[in-house]
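What follows is a single structure, written as C-alpha cells, with notes after it.
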Amino acid sequence: MGHHIDSLIQEEMKQEIAASASRSRRKKTVKVVTELKEKSPMKRGLQRAALFTALLVGAVSMAAPFLWMVSTSLADAGQVFSENRSWWQEWLPVSFVWQNYVKVWAVVPFAQFYLNSIFVSLCITFGQVATSAMAAYAFARLNFPGRDRIFFSYLATMMIPGAVTMIPVFILLRHLGWIDTYKALILPGIFTAYGTFMLRQFFLTLPKDLEDAAKIDGCSYVRIFWHIILPLSKPALATLTTFTFMGSWMNLMWPLIVVNTHTKYTLPVGLAYFQGVHGTDWTLLMAASMMMILPILIVFLFNQRFFVEGIKLTGIKG
Amino acid sequence: MKNGLKDKTKETIAAYGFLMPNLLGFLLFTSIPVLASLGLSFVKWDLLSKGPQFAGLANFIELTKDPFFGKYCWNTLVLMTAIPISMAGSLLLAIALNQKLRGTVIFRTVYFLPTICSGVAIFMLWRLIYNPNFGFLNSMTAQFGDMLGLRLTGPNWLTDEAWAKPAFIIMSVWQSIGGYNMILYLAALQGVPRDLYDAAEVDGANSWQKFWNVTWPQISPTTFFIATMSLIGGFQAGFDQAYIMTGGGPNGSTTTIIYYIFNNAFEWYRMGYAAAISWVLFLIIFAVTVVKWRFFGKAVHYN
C-alpha cells in the first residue's frame, strides 16, 4: 500500500513535467489561434457584464444571511418581534443595541465557554501537529522493521467512521474516571490517522539531498527533523494547524458526549445550552453566535491566500 | 560508529522514538476502540446494570426489523441530494470565477464565507431564518405578496414534515457551494492545458463542445475525488444541524444515521445496539466506495 502511494506521487511528478513541456509548446500555437479567436468586442463585453451581474446576485444571496445576523444581533429585542416593521428595518441595523453583546456574557458563563474553547482547541492543535509531524517523519524518511505494516493499519482506519470508535472511547474514558475533564475533551482529539497521513505525503515530496548532506556531517535524526524537515514543510504544517483548530473550535458532538457541567462547556455546547435556556432571546442568540464565528472570520480574512493553497494541497489526489 | 551500534539499529530506535507518541494515542483511541466496538456490537449493555451480556447477532437482527433505522437511512439519503446540487453549483461558480473578471478575489471570499463559518452559530442563524414569524424568508415572501396584492404565506419550514428536509438541503447547498469544492474545481480548471482548447478551437468547437470534450474529461479526477469524499462525509453527516435546529424532528424527519447512533448510545445507553449501527454505517460507506471505484474509477480520465 505504501509503495502504491509512492508510485502515485512519482506519477504526479511525471505529469508535472509533461505539463510544463506542453506549456512551452503552447507558445508557438498561440499566435495562430489568436487570429481565429477574435469575437466581436461588443458581444464579449455583454457576456462579461452578464456574468458579472450573475456573480454579484449570487454573492448578495450568500452574504444576506450574515447581514441579517449582524442587524438582528444589534436590534432591540422588542423590535424583532414587531409585526409591522418594513423590510429595510430588518436588514439594516436601525438601532445599535451593543448592550446585547454585553448581556450575553452576563446571562451565561460565556467567558468560561470562550476560555474553554480556546484552551481545548489550542491543546488539540498543538498536540496533533506535533505528534503527527513526528510520526510522519518516521514513516516518510526512516527505515524500520514493521513500518509498512503499521502505516497500513493507519490507512485502514481512515475509512472507518468516527461513530465506530466514539462509543468505546467514551466507555474507556468513563472507566478511567475522566468524564467531565479537560483530558476527555482534549486527548482523543489529538490522535488522528489523517494528520499523520497528510504530513507523510508532504514529507515524501521533499528532496533528499539536504538530508543526506546533513547525515554525512553527522547530524542526529532529531536535528534533521527540526532543522531541515520542519522548516521545509511550513505550508503543510500551517494547513494542518488551521484545519485542526477550526475542526475542534466547531466540534459539537464530542464535548456534548464527555462533558456535563457548565464550567467545562466549550462554545458550541455552551451555545446549544444557551439556546435551550434563552431560546427566544433571538437578539442575544445572534450576538453570541457572532462572537463565536468572529475569531475564525478574522483568521480567514487575513490569511485567505493561504487557506486556498492549503485546500489545494490537501485536496488534490488526497 | 563510536558507540558500536549499527546504523540500522540506531535508525530503528530513532524511528520508534518519533513514532511512539502518535502510535500510543492511535492504539488507545483508534485501533483498540475499533476492535472493542466490533465486540460491543455482539453484546447488550446499558452501562449501568451488571455488565455486558453476550447477545450474539441479536443487535443486527433487531436492526433489520427496526422501522426507525430504515427511515433514518432514507432521511440520510434524501439529505444527500444536496451533494450533486452543490457540486454542479461549485463547478459553475469555478468556471465563472476562472474568467478573470474584476473582483474575483472579493467574490471568492464572499462565496467562501458560509464554509468558513460553519457550525453551531450558523445553524442557530438558519433556525431563525426559517422561523415562520420572524425569519426573513417568510417575511420576504409575505412582503413580496403584498406588492402583488396577494396574501402569500411561507411554509413552517422546520416544523412541517414536508418542508424540513428541503430546508436542510437549501442550507447545506448555501454552505458548501462556494467552499472547498469550488476551490478544488478552480485549481483543476487552471490545470487544464491551454493547447487542448486551442486545438478544439482550430477544429471549430463552440463553448459547449469545448466544455464537454475538453474541460469535463480533464477535470474528471477532481470530480471523482470530490464525489467520493462528499459521499463518505454525507453518510456520516447531519448531527449538528439537526441537534440545533430541529432536535431530529418533526416526527424524526431530520434524524440521520449518526444522530440515531448518538441517541442510542448517549441518550438511551444502548451501547451494543449503537455499536452495531455504527458498523452497518461503516459497511454502507465501504460498499459504496468500492462500487464507485469499480464502476466509475475506470471512466475517470488521467492523462
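If you're wondering about the labels, chains in the C-alpha cells are A, B, ... by order shown, residues count from 1 in each chain, ligands from 1 in order shown.
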**Study point:** Residue set, region 38-87 of chain B restricted to alpha helix (DSSP H), as a PyMOL selection string
**Key:** chain B and resi 38-40+58-65+67-79+82-87
Keeping only N, CA and C atoms, write the selected residues as a short mmCIF file (atom, residue, chain, number, x, y, z; two decimals), in the first residue's frame.
data_model
loop_
_atom_site.label_atom_id
_atom_site.label_comp_id
_atom_site.auth_asym_id
_atom_site.auth_seq_id
_atom_site.Cartn_x
_atom_site.Cartn_y
_atom_site.Cartn_z
N LEU B 38 -16.33 -3.57 17.64
CA LEU B 38 -16.82 -4.80 16.98
C LEU B 38 -17.35 -5.77 18.03
N GLY B 39 -16.60 -5.90 19.13
CA GLY B 39 -17.05 -6.77 20.22
C GLY B 39 -18.37 -6.28 20.82
N LEU B 40 -18.45 -4.95 21.01
CA LEU B 40 -19.66 -4.36 21.61
C LEU B 40 -20.91 -4.65 20.79
N ALA B 58 -28.08 -10.70 17.97
CA ALA B 58 -29.38 -10.09 18.30
C ALA B 58 -29.47 -8.62 17.87
N ASN B 59 -28.39 -7.85 18.08
CA ASN B 59 -28.43 -6.43 17.70
C ASN B 59 -28.67 -6.26 16.21
N PHE B 60 -27.96 -7.09 15.43
CA PHE B 60 -28.08 -6.95 13.97
C PHE B 60 -29.46 -7.41 13.50
N ILE B 61 -29.98 -8.47 14.16
CA ILE B 61 -31.33 -8.94 13.79
C ILE B 61 -32.36 -7.88 14.12
N GLU B 62 -32.20 -7.28 15.30
CA GLU B 62 -33.13 -6.21 15.70
C GLU B 62 -33.08 -5.06 14.68
N LEU B 63 -31.89 -4.80 14.20
CA LEU B 63 -31.70 -3.69 13.26
C LEU B 63 -32.49 -3.90 11.97
N THR B 64 -32.53 -5.16 11.50
CA THR B 64 -33.27 -5.41 10.26
C THR B 64 -34.76 -5.20 10.46
N LYS B 65 -35.21 -5.32 11.72
CA LYS B 65 -36.66 -5.16 11.97
C LYS B 65 -37.02 -3.76 12.46
N PRO B 67 -37.99 -0.24 12.25
CA PRO B 67 -38.51 0.65 11.21
C PRO B 67 -37.83 2.01 11.23
N PHE B 68 -37.38 2.44 12.42
CA PHE B 68 -36.73 3.74 12.52
C PHE B 68 -35.42 3.77 11.75
N PHE B 69 -34.67 2.65 11.85
CA PHE B 69 -33.38 2.63 11.17
C PHE B 69 -33.56 2.84 9.66
N GLY B 70 -34.52 2.12 9.08
CA GLY B 70 -34.79 2.29 7.65
C GLY B 70 -35.16 3.72 7.33
N LYS B 71 -36.01 4.30 8.17
CA LYS B 71 -36.45 5.67 7.95
C LYS B 71 -35.27 6.64 8.01
N TYR B 72 -34.38 6.44 8.99
CA TYR B 72 -33.27 7.38 9.15
C TYR B 72 -32.24 7.21 8.04
N CYS B 73 -32.10 5.96 7.53
CA CYS B 73 -31.23 5.76 6.36
C CYS B 73 -31.79 6.54 5.18
N TRP B 74 -33.09 6.45 5.00
CA TRP B 74 -33.76 7.18 3.92
C TRP B 74 -33.54 8.68 4.08
N ASN B 75 -33.74 9.19 5.31
CA ASN B 75 -33.51 10.61 5.57
C ASN B 75 -32.11 11.02 5.15
N THR B 76 -31.12 10.18 5.55
CA THR B 76 -29.73 10.50 5.23
C THR B 76 -29.55 10.59 3.72
N LEU B 77 -30.14 9.63 3.00
CA LEU B 77 -30.02 9.65 1.53
C LEU B 77 -30.67 10.88 0.92
N VAL B 78 -31.88 11.21 1.40
CA VAL B 78 -32.58 12.37 0.84
C VAL B 78 -31.76 13.64 1.07
N LEU B 79 -31.21 13.77 2.29
CA LEU B 79 -30.42 14.97 2.58
C LEU B 79 -29.16 15.02 1.71
N ALA B 82 -28.30 17.12 -1.61
CA ALA B 82 -27.59 18.40 -1.64
C ALA B 82 -26.22 18.26 -2.31
N ILE B 83 -25.65 17.06 -2.30
CA ILE B 83 -24.29 16.88 -2.83
C ILE B 83 -24.20 17.18 -4.33
N PRO B 84 -25.00 16.48 -5.18
CA PRO B 84 -24.88 16.81 -6.62
C PRO B 84 -25.27 18.24 -6.92
N ILE B 85 -26.29 18.77 -6.21
CA ILE B 85 -26.69 20.15 -6.48
C ILE B 85 -25.53 21.10 -6.21
N SER B 86 -24.91 20.92 -5.04
CA SER B 86 -23.87 21.88 -4.71
C SER B 86 -22.59 21.64 -5.52
N MET B 87 -22.36 20.37 -5.95
CA MET B 87 -21.20 20.13 -6.82
C MET B 87 -21.37 20.83 -8.15
#
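Atom pair CA of Leu256 (chain A) / CA of Trp178 (chain A): separated by 14.2 Å.
If only C-alpha atoms are the atoms counted, then among B:Leu283, B:Ala276, B:Leu196, B:Ala164 the closest residue to Ile160 (chain A) is B:Leu283.
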Practice item. Select, from A:Tyr114, A:Phe144, A:Phe139, A:Tyr101, the residue with the minimum atom-to-atom distance to chain B, counting only C-alpha atoms. Key: A:Phe144
Point to revise | Shell of 10 Å around Asp160 (chain B), only C-alpha atoms, local chain residues under 5 positions omitted, as a list in words | key: Pro155, Lys165, Gly249, Pro250, Asn251 and Ser253 of chain B
Point to revise | Residue nearest Gly233 (chain B) among B:Tyr273, B:Phe282, B:Phe26, B:Tyr185 (counting only C-alpha atoms) | key: B:Phe282
